[in-house]
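Novice: For reference, this is work-v1.pdb, and it has PDB, C-alpha atoms.
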```
MODEL        1
ATOM      1  CA  MET O   1      65.021 110.100 174.939
ATOM      2  CA  LYS O   2      66.223 112.450 177.662
ATOM      3  CA  ARG O   3      63.564 115.034 176.922
ATOM      4  CA  ARG O   4      61.248 113.001 179.139
ATOM      5  CA  THR O   5      63.512 113.159 182.183
ATOM      6  CA  GLN O   6      67.213 113.579 182.788
ATOM      7  CA  ARG O   7      67.470 110.036 184.105
ATOM      8  CA  PRO O   8      64.842 107.917 182.345
ATOM      9  CA  ARG O   9      64.057 104.419 183.505
ATOM     10  CA  VAL O  10      64.302 102.033 180.533
ATOM     11  CA  ALA O  11      62.887  98.507 180.142
ATOM     12  CA  TRP O  12      65.121  96.500 177.782
ATOM     13  CA  ILE O  13      62.936  93.904 176.029
ATOM     14  CA  PRO O  14      64.577  91.153 173.929
ATOM     15  CA  PRO O  15      62.628  88.565 171.909
ATOM     16  CA  PHE O  16      64.227  85.484 173.473
ATOM     17  CA  THR O  17      65.451  84.646 176.965
ATOM     18  CA  GLY O  18      68.779  83.072 175.978
ATOM     19  CA  MET O  19      69.750  85.910 173.683
ATOM     20  CA  GLY O  20      68.587  88.428 176.260
ATOM     21  CA  HIS O  21      70.746  87.103 179.088
ATOM     22  CA  GLU O  22      73.712  86.885 176.740
ATOM     23  CA  ARG O  23      73.463  90.440 175.428
ATOM     24  CA  PHE O  24      72.097  92.389 178.366
ATOM     25  CA  PRO O  25      75.435  93.015 180.151
ATOM     26  CA  ALA O  26      76.935  94.623 177.037
ATOM     27  CA  ALA O  27      73.733  96.566 176.411
ATOM     28  CA  LYS O  28      73.705  97.891 179.981
ATOM     29  CA  GLU O  29      77.299  99.022 179.627
ATOM     30  CA  LEU O  30      76.537 100.748 176.314
ATOM     31  CA  PHE O  31      73.437 102.506 177.643
ATOM     32  CA  GLU O  32      75.364 103.699 180.701
ATOM     33  CA  ALA O  33      78.094 105.080 178.434
ATOM     34  CA  HIS O  34      75.431 107.193 176.719
ATOM     35  CA  GLY O  35      73.962 108.463 179.980
ATOM     36  CA  PHE O  36      71.209 105.917 180.632
ATOM     37  CA  PRO O  37      72.205 104.071 183.833
ATOM     38  CA  ASP O  38      68.715 102.835 184.708
ATOM     39  CA  LEU O  39      68.332  99.975 182.238
ATOM     40  CA  GLU O  40      66.330  96.960 183.401
ATOM     41  CA  TYR O  41      65.953  93.556 181.789
ATOM     42  CA  CYS O  42      62.365  92.621 180.843
ATOM     43  CA  ASP O  43      61.746  89.056 179.667
ATOM     44  CA  ILE O  44      58.799  88.155 177.406
ATOM     45  CA  ASP O  45      59.903  84.642 176.490
ATOM     46  CA  LYS O  46      60.685  81.863 178.996
ATOM     47  CA  GLU O  47      61.037  83.929 182.181
ATOM     48  CA  PRO O  48      58.379  86.651 182.072
ATOM     49  CA  ASP O  49      57.730  88.491 185.317
ATOM     50  CA  GLU O  50      54.002  89.224 185.358
ATOM     51  CA  ARG O  51      54.404  91.862 188.064
ATOM     52  CA  GLN O  52      56.942  93.708 185.938
ATOM     53  CA  LEU O  53      54.818  93.434 182.782
ATOM     54  CA  ALA O  54      51.749  94.668 184.649
ATOM     55  CA  ARG O  55      53.624  97.795 185.748
ATOM     56  CA  LEU O  56      55.260  98.983 182.554
ATOM     57  CA  ASP O  57      53.939 102.418 183.456
ATOM     58  CA  ARG O  58      56.841 102.659 185.939
ATOM     59  CA  TYR O  59      59.205 103.046 182.987
ATOM     60  CA  ASP O  60      59.788 106.127 180.888
ATOM     61  CA  ILE O  61      60.996 104.182 177.840
ATOM     62  CA  LEU O  62      60.443 100.675 176.505
ATOM     63  CA  TYR O  63      63.275  99.461 174.279
ATOM     64  CA  LEU O  64      62.558  96.572 171.889
ATOM     65  CA  THR O  65      65.914  95.086 170.934
ATOM     66  CA  GLY O  66      66.966  93.572 167.640
ATOM     67  CA  GLY O  67      66.376  89.915 166.847
ATOM     68  CA  ASP O  68      64.368  87.627 164.586
ATOM     69  CA  PRO O  69      61.174  89.633 163.971
ATOM     70  CA  ILE O  70      59.001  86.562 163.387
ATOM     71  CA  GLY O  71      59.956  84.998 166.709
ATOM     72  CA  PHE O  72      59.793  88.410 168.385
ATOM     73  CA  ARG O  73      56.203  88.767 167.220
ATOM     74  CA  LEU O  74      55.273  85.411 168.759
ATOM     75  CA  SER O  75      56.885  86.325 172.081
ATOM     76  CA  ILE O  76      54.988  89.627 172.117
ATOM     77  CA  GLN O  77      51.693  87.853 171.546
ATOM     78  CA  ARG O  78      52.429  85.135 174.102
ATOM     79  CA  VAL O  79      52.505  87.602 177.010
ATOM     80  CA  GLU O  80      49.705  89.788 175.619
ATOM     81  CA  LEU O  81      52.158  92.639 175.204
ATOM     82  CA  PRO O  82      50.230  94.487 172.432
ATOM     83  CA  THR O  83      47.558  95.674 174.868
ATOM     84  CA  ARG O  84      50.188  96.732 177.390
ATOM     85  CA  LEU O  85      52.183  98.627 174.760
ATOM     86  CA  ARG O  86      49.101 100.466 173.499
ATOM     87  CA  GLN O  87      48.277 101.555 177.023
ATOM     88  CA  PHE O  88      51.877 102.619 177.591
ATOM     89  CA  LEU O  89      51.705 104.857 174.498
ATOM     90  CA  ALA O  90      48.299 106.210 175.471
ATOM     91  CA  ASP O  91      49.771 107.217 178.827
ATOM     92  CA  GLY O  92      52.518 109.176 177.083
ATOM     93  CA  GLY O  93      55.327 106.614 177.191
ATOM     94  CA  LEU O  94      58.071 106.348 174.578
ATOM     95  CA  ILE O  95      58.791 103.110 172.692
ATOM     96  CA  VAL O  96      62.115 102.669 170.889
ATOM     97  CA  GLY O  97      62.801  99.735 168.577
ATOM     98  CA  ALA O  98      66.017  98.461 167.014
ATOM     99  CA  SER O  99      66.078  96.303 163.874
ATOM    100  CA  GLY O 100      63.661  93.401 164.435
ATOM    101  CA  GLY O 101      62.218  95.255 167.414
ATOM    102  CA  SER O 102      61.379  98.284 165.281
ATOM    103  CA  MET O 103      59.575  96.055 162.777
ATOM    104  CA  GLN O 104      57.108  95.058 165.510
ATOM    105  CA  LEU O 105      55.745  98.609 165.613
ATOM    106  CA  THR O 106      54.804  98.594 161.919
ATOM    107  CA  LYS O 107      51.987  97.232 159.766
ATOM    108  CA  ASN O 108      53.577  93.851 159.047
ATOM    109  CA  VAL O 109      56.828  91.926 159.583
ATOM    110  CA  SER O 110      56.766  89.977 156.305
ATOM    111  CA  LEU O 111      59.715  91.854 154.792
ATOM    112  CA  PHE O 112      61.938  89.565 156.849
ATOM    113  CA  ARG O 113      60.331  86.544 155.230
ATOM    114  CA  LEU O 114      61.553  87.681 151.809
ATOM    115  CA  LEU O 115      65.021  86.532 152.874
ATOM    116  CA  THR O 116      63.924  82.884 152.721
ATOM    117  CA  GLU O 117      60.613  82.823 150.819
ATOM    118  CA  SER O 118      59.499  83.917 147.375
ATOM    119  CA  LEU O 119      57.334  86.990 146.914
ATOM    120  CA  GLU O 120      54.331  84.841 146.042
ATOM    121  CA  GLU O 121      54.815  82.644 149.118
ATOM    122  CA  VAL O 122      54.957  85.709 151.336
ATOM    123  CA  PHE O 123      51.702  87.087 149.966
ATOM    124  CA  GLU O 124      49.874  83.786 150.317
ATOM    125  CA  ASN O 125      49.576  84.338 154.079
ATOM    126  CA  ARG O 126      50.962  87.813 154.668
ATOM    127  CA  ASP O 127      47.933  88.776 156.763
ATOM    128  CA  GLU O 128      49.066  86.265 159.401
ATOM    129  CA  TYR O 129      52.172  88.362 160.093
ATOM    130  CA  GLU O 130      50.623  91.672 161.045
ATOM    131  CA  GLY O 131      52.657  93.910 163.325
ATOM    132  CA  LEU O 132      51.348  96.161 166.082
ATOM    133  CA  GLY O 133      50.371  98.846 163.573
ATOM    134  CA  PHE O 134      51.523 101.774 165.691
ATOM    135  CA  VAL O 135      52.901 103.396 162.529
ATOM    136  CA  GLY O 136      51.444 103.395 159.034
ATOM    137  CA  TYR O 137      54.401 101.903 157.174
ATOM    138  CA  GLU O 138      56.817  98.974 157.251
ATOM    139  CA  ILE O 139      60.487  99.200 158.181
ATOM    140  CA  LEU O 140      63.349  97.459 156.393
ATOM    141  CA  PRO O 141      66.490  97.628 158.573
ATOM    142  CA  HIS O 142      70.120  97.139 157.507
ATOM    143  CA  LEU O 143      69.692  98.755 154.092
ATOM    144  CA  ASN O 144      73.461  98.989 153.621
ATOM    145  CA  ARG O 145      73.843  95.220 154.005
ATOM    146  CA  LEU O 146      71.235  94.196 151.428
ATOM    147  CA  ASP O 147      72.119  93.254 147.859
ATOM    148  CA  THR O 148      70.496  94.666 144.738
ATOM    149  CA  SER O 149      68.455  91.563 143.925
ATOM    150  CA  PHE O 150      66.828  91.570 147.356
ATOM    151  CA  LEU O 151      66.025  95.276 147.105
ATOM    152  CA  GLU O 152      64.413  94.638 143.723
ATOM    153  CA  THR O 153      62.188  92.068 145.425
ATOM    154  CA  VAL O 154      61.300  94.630 148.083
ATOM    155  CA  GLN O 155      60.456  97.039 145.288
ATOM    156  CA  ARG O 156      57.994  94.513 143.826
ATOM    157  CA  TYR O 157      56.636  93.887 147.329
ATOM    158  CA  SER O 158      55.927  97.603 147.715
ATOM    159  CA  GLU O 159      53.819  97.528 144.542
ATOM    160  CA  ARG O 160      51.363  95.230 146.301
ATOM    161  CA  VAL O 161      50.972  96.928 149.688
ATOM    162  CA  PRO O 162      48.925 100.093 150.321
ATOM    163  CA  HIS O 163      51.570 101.791 152.448
ATOM    164  CA  ASP O 164      55.220 102.821 152.314
ATOM    165  CA  VAL O 165      58.278 100.759 153.140
ATOM    166  CA  ILE O 166      61.038 102.777 154.829
ATOM    167  CA  ALA O 167      64.508 101.285 154.478
ATOM    168  CA  LEU O 168      67.159 102.314 157.007
ATOM    169  CA  ALA O 169      70.914 101.808 156.884
ATOM    170  CA  ASP O 170      72.716 100.827 160.079
ATOM    171  CA  GLY O 171      72.845 103.875 162.346
ATOM    172  CA  ALA O 172      69.796 105.507 160.739
ATOM    173  CA  ALA O 173      66.454 105.997 162.499
ATOM    174  CA  VAL O 174      62.849 107.064 162.084
ATOM    175  CA  VAL O 175      61.472 109.472 164.682
ATOM    176  CA  HIS O 176      57.699 109.069 164.656
ATOM    177  CA  ASN O 177      55.401 111.616 166.267
ATOM    178  CA  GLY O 178      52.007 110.362 165.127
ATOM    179  CA  ASP O 179      50.051 109.649 161.936
ATOM    180  CA  GLN O 180      52.298 110.637 159.018
ATOM    181  CA  ASN O 181      54.387 112.979 161.138
ATOM    182  CA  TYR O 182      57.835 111.424 161.076
ATOM    183  CA  ARG O 183      61.366 112.242 160.065
ATOM    184  CA  CYS O 184      64.382 110.144 159.209
ATOM    185  CA  ILE O 185      67.906 110.539 160.545
ATOM    186  CA  GLY O 186      70.766 109.109 158.520
ATOM    187  CA  GLN O 187      70.727 107.104 155.297
ATOM    188  CA  ALA O 188      67.189 106.098 154.365
ATOM    189  CA  LYS O 189      65.126 105.259 151.295
ATOM    190  CA  ILE O 190      61.433 104.876 150.698
ATOM    191  CA  PHE O 191      59.651 102.273 148.599
ATOM    192  CA  ARG O 192      56.263 103.529 147.474
ATOM    193  CA  ARG O 193      54.112 101.670 144.959
ATOM    194  CA  GLY O 194      57.158 100.130 143.323
ATOM    195  CA  VAL O 195      59.223 103.317 143.181
ATOM    196  CA  TRP O 196      62.422 103.511 145.235
ATOM    197  CA  THR O 197      63.713 106.979 146.176
ATOM    198  CA  PRO O 198      65.997 108.477 148.863
ATOM    199  CA  ILE O 199      64.368 110.239 151.815
ATOM    200  CA  GLU O 200      65.490 113.697 152.820
ATOM    201  CA  THR O 201      66.947 113.222 156.280
ATOM    202  CA  THR O 202      68.128 115.358 159.166
ATOM    203  CA  ALA O 203      71.311 115.139 161.202
TER     204      ALA O 203
ENDMDL
END
```
Would you kindly transcribe this structure into structure tokens?
Specialist:
Amino acid sequence: MKRRTQRPRVAWIPPFTGMGHERFPAAKELFEAHGFPDLEYCDIDKEPDERQLARLDRYDILYLTGGDPIGFRLSIQRVELPTRLRQFLADGGLIVGASGGSMQLTKNVSLFRLLTESLEEVFENRDEYEGLGFVGYEILPHLNRLDTSFLETVQRYSERVPHDVIALADGAAVVHNGDQNYRCIGQAKIFRRGVWTPIETTA
């Protein structure tokens, strides 16, 4: 993140206003501890600032926080953020996503729905849950917290989609540089056409 500039300006984007106000102070403290003092709150729910959203190019990094990915998707659409994010990337900006925020960058956010819906229910209207499609795969966060039966469902899910599902344990990450040029850091596995295998990762 610091390869862009020694002191990058970061827009911290949560899915919901209430959660955002509650968590931002701790997030600001954490970012400062890691050398990122210029963290700014950016609302896309109940208190969006159109002037701020229209000038995302002032930031070096956009950070999509964790949170319910289905609701996050709706908030993103409500303020027409997809077009703004695409332009930000085209201008050379960096987007970082955590958990539910990272799922927004992928092909679809329906993996989250498997927690409460059957596989068949998910596929009945899966096309209504498309993500931004900035990367050619789906992300499953919190791999280390998921039980075997759920992962077996994800395995069956992967049989029916034309792209990979990358599962990340807490603390792991995908660094994406375009098309299929990406690498994983930390504990990660890949689901591809119903086959589940570890991914070779870097430190």
Novice: Nearest to Trp12 in chain O: which of O:Phe31, O:Leu168, O:Ala26, O:Tyr63 is it, counting only C-alpha atoms?
Specialist: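 Checking each of O:Phe31, O:Leu168, O:Ala26, O:Tyr63 against Trp12 in chain O, counting only C-alpha atoms, the winner is O:Tyr63.
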Novice: For each of O:Glu159, O:Asp170, O:Glu121, O:Asp57, take the minimum atom-to-atom distance to Asp91 in chain O, counting all atoms listed in the file, then give the residue where this is smallest.
Specialist: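 Going through O:Glu159, O:Asp170, O:Glu121, O:Asp57 one by one, the smallest distance to Asp91 in chain O is for O:Asp57.
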Novice: Counting only C-alpha atoms, which of O:Ser102, O:Thr197, O:Gln87, O:Thr65 gets nearest to Arg23 in chain O?
Specialist: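 Looking at the shortest contact to Arg23 in chain O, the residue is O:Thr65.
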Novice: Do you know which residues the PyMOL selection byres ((chain O and resi 130) around 7) returns on this file, as a ChimeraX atom specification?
Specialist: /O:107-109,127-129,131-132
Novice: Which value, in Å to one decimal, gives the distance between CA of Ile166 in chain O and CA of Glu32 in chain O?
Specialist: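 One can read the CA of Ile166 in chain O to CA of Glu32 in chain O distance as 29.6 Å.
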Novice: Output as a PDB file, in the frame of the given file: range 99-123 of chain O, completed with N, CA and C atoms.
Specialist:
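As a result, out_39.pdb now contains:
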```
ATOM      1  N   SER O  99      66.110  97.405 164.826  1.00  0.00           N
ATOM      2  CA  SER O  99      66.078  96.303 163.874  1.00  0.00           C
ATOM      3  C   SER O  99      64.773  95.513 163.979  1.00  0.00           C
ATOM      4  N   GLY O 100      64.862  94.223 164.338  1.00  0.00           N
ATOM      5  CA  GLY O 100      63.661  93.401 164.435  1.00  0.00           C
ATOM      6  C   GLY O 100      62.657  93.929 165.436  1.00  0.00           C
ATOM      7  N   GLY O 101      63.122  94.637 166.452  1.00  0.00           N
ATOM      8  CA  GLY O 101      62.218  95.255 167.414  1.00  0.00           C
ATOM      9  C   GLY O 101      61.424  96.390 166.793  1.00  0.00           C
ATOM     10  N   SER O 102      62.079  97.173 165.938  1.00  0.00           N
ATOM     11  CA  SER O 102      61.379  98.284 165.281  1.00  0.00           C
ATOM     12  C   SER O 102      60.309  97.774 164.322  1.00  0.00           C
ATOM     13  N   MET O 103      60.546  96.616 163.716  1.00  0.00           N
ATOM     14  CA  MET O 103      59.575  96.055 162.777  1.00  0.00           C
ATOM     15  C   MET O 103      58.272  95.689 163.467  1.00  0.00           C
ATOM     16  N   GLN O 104      58.313  95.415 164.770  1.00  0.00           N
ATOM     17  CA  GLN O 104      57.108  95.058 165.510  1.00  0.00           C
ATOM     18  C   GLN O 104      56.110  96.214 165.552  1.00  0.00           C
ATOM     19  N   LEU O 105      56.602  97.432 165.480  1.00  0.00           N
ATOM     20  CA  LEU O 105      55.745  98.609 165.613  1.00  0.00           C
ATOM     21  C   LEU O 105      54.991  98.941 164.333  1.00  0.00           C
ATOM     22  N   THR O 106      55.308  98.245 163.244  1.00  0.00           N
ATOM     23  CA  THR O 106      54.804  98.594 161.919  1.00  0.00           C
ATOM     24  C   THR O 106      53.576  97.776 161.532  1.00  0.00           C
ATOM     25  N   LYS O 107      53.178  97.899 160.270  1.00  0.00           N
ATOM     26  CA  LYS O 107      51.987  97.232 159.766  1.00  0.00           C
ATOM     27  C   LYS O 107      52.149  95.722 159.648  1.00  0.00           C
ATOM     28  N   ASN O 108      53.370  95.267 159.325  1.00  0.00           N
ATOM     29  CA  ASN O 108      53.577  93.851 159.047  1.00  0.00           C
ATOM     30  C   ASN O 108      55.072  93.544 159.155  1.00  0.00           C
ATOM     31  N   VAL O 109      55.416  92.296 159.464  1.00  0.00           N
ATOM     32  CA  VAL O 109      56.828  91.926 159.583  1.00  0.00           C
ATOM     33  C   VAL O 109      57.269  91.001 158.443  1.00  0.00           C
ATOM     34  N   SER O 110      56.488  90.927 157.383  1.00  0.00           N
ATOM     35  CA  SER O 110      56.766  89.977 156.305  1.00  0.00           C
ATOM     36  C   SER O 110      57.986  90.319 155.456  1.00  0.00           C
ATOM     37  N   LEU O 111      58.493  91.529 155.544  1.00  0.00           N
ATOM     38  CA  LEU O 111      59.715  91.854 154.792  1.00  0.00           C
ATOM     39  C   LEU O 111      60.843  90.896 155.155  1.00  0.00           C
ATOM     40  N   PHE O 112      60.902  90.496 156.406  1.00  0.00           N
ATOM     41  CA  PHE O 112      61.938  89.565 156.849  1.00  0.00           C
ATOM     42  C   PHE O 112      61.792  88.215 156.161  1.00  0.00           C
ATOM     43  N   ARG O 113      60.580  87.828 155.868  1.00  0.00           N
ATOM     44  CA  ARG O 113      60.331  86.544 155.230  1.00  0.00           C
ATOM     45  C   ARG O 113      60.869  86.486 153.811  1.00  0.00           C
ATOM     46  N   LEU O 114      61.033  87.641 153.176  1.00  0.00           N
ATOM     47  CA  LEU O 114      61.553  87.681 151.809  1.00  0.00           C
ATOM     48  C   LEU O 114      62.987  87.164 151.729  1.00  0.00           C
ATOM     49  N   LEU O 115      63.656  87.068 152.870  1.00  0.00           N
ATOM     50  CA  LEU O 115      65.021  86.532 152.874  1.00  0.00           C
ATOM     51  C   LEU O 115      65.045  85.037 152.578  1.00  0.00           C
ATOM     52  N   THR O 116      63.954  84.342 152.877  1.00  0.00           N
ATOM     53  CA  THR O 116      63.924  82.884 152.721  1.00  0.00           C
ATOM     54  C   THR O 116      62.747  82.375 151.899  1.00  0.00           C
ATOM     55  N   GLU O 117      61.794  83.240 151.570  1.00  0.00           N
ATOM     56  CA  GLU O 117      60.613  82.823 150.819  1.00  0.00           C
ATOM     57  C   GLU O 117      60.445  83.694 149.587  1.00  0.00           C
ATOM     58  N   SER O 118      59.758  83.147 148.591  1.00  0.00           N
ATOM     59  CA  SER O 118      59.499  83.917 147.375  1.00  0.00           C
ATOM     60  C   SER O 118      58.427  84.963 147.651  1.00  0.00           C
ATOM     61  N   LEU O 119      58.325  85.928 146.766  1.00  0.00           N
ATOM     62  CA  LEU O 119      57.334  86.990 146.914  1.00  0.00           C
ATOM     63  C   LEU O 119      55.927  86.404 146.948  1.00  0.00           C
ATOM     64  N   GLU O 120      55.662  85.441 146.089  1.00  0.00           N
ATOM     65  CA  GLU O 120      54.331  84.841 146.042  1.00  0.00           C
ATOM     66  C   GLU O 120      54.030  84.080 147.328  1.00  0.00           C
ATOM     67  N   GLU O 121      55.017  83.370 147.861  1.00  0.00           N
ATOM     68  CA  GLU O 121      54.815  82.644 149.118  1.00  0.00           C
ATOM     69  C   GLU O 121      54.504  83.595 150.256  1.00  0.00           C
ATOM     70  N   VAL O 122      55.192  84.720 150.282  1.00  0.00           N
ATOM     71  CA  VAL O 122      54.957  85.709 151.336  1.00  0.00           C
ATOM     72  C   VAL O 122      53.538  86.245 151.283  1.00  0.00           C
ATOM     73  N   PHE O 123      53.039  86.502 150.078  1.00  0.00           N
ATOM     74  CA  PHE O 123      51.702  87.087 149.966  1.00  0.00           C
ATOM     75  C   PHE O 123      50.580  86.075 150.138  1.00  0.00           C
TER      76      PHE O 123
END
```
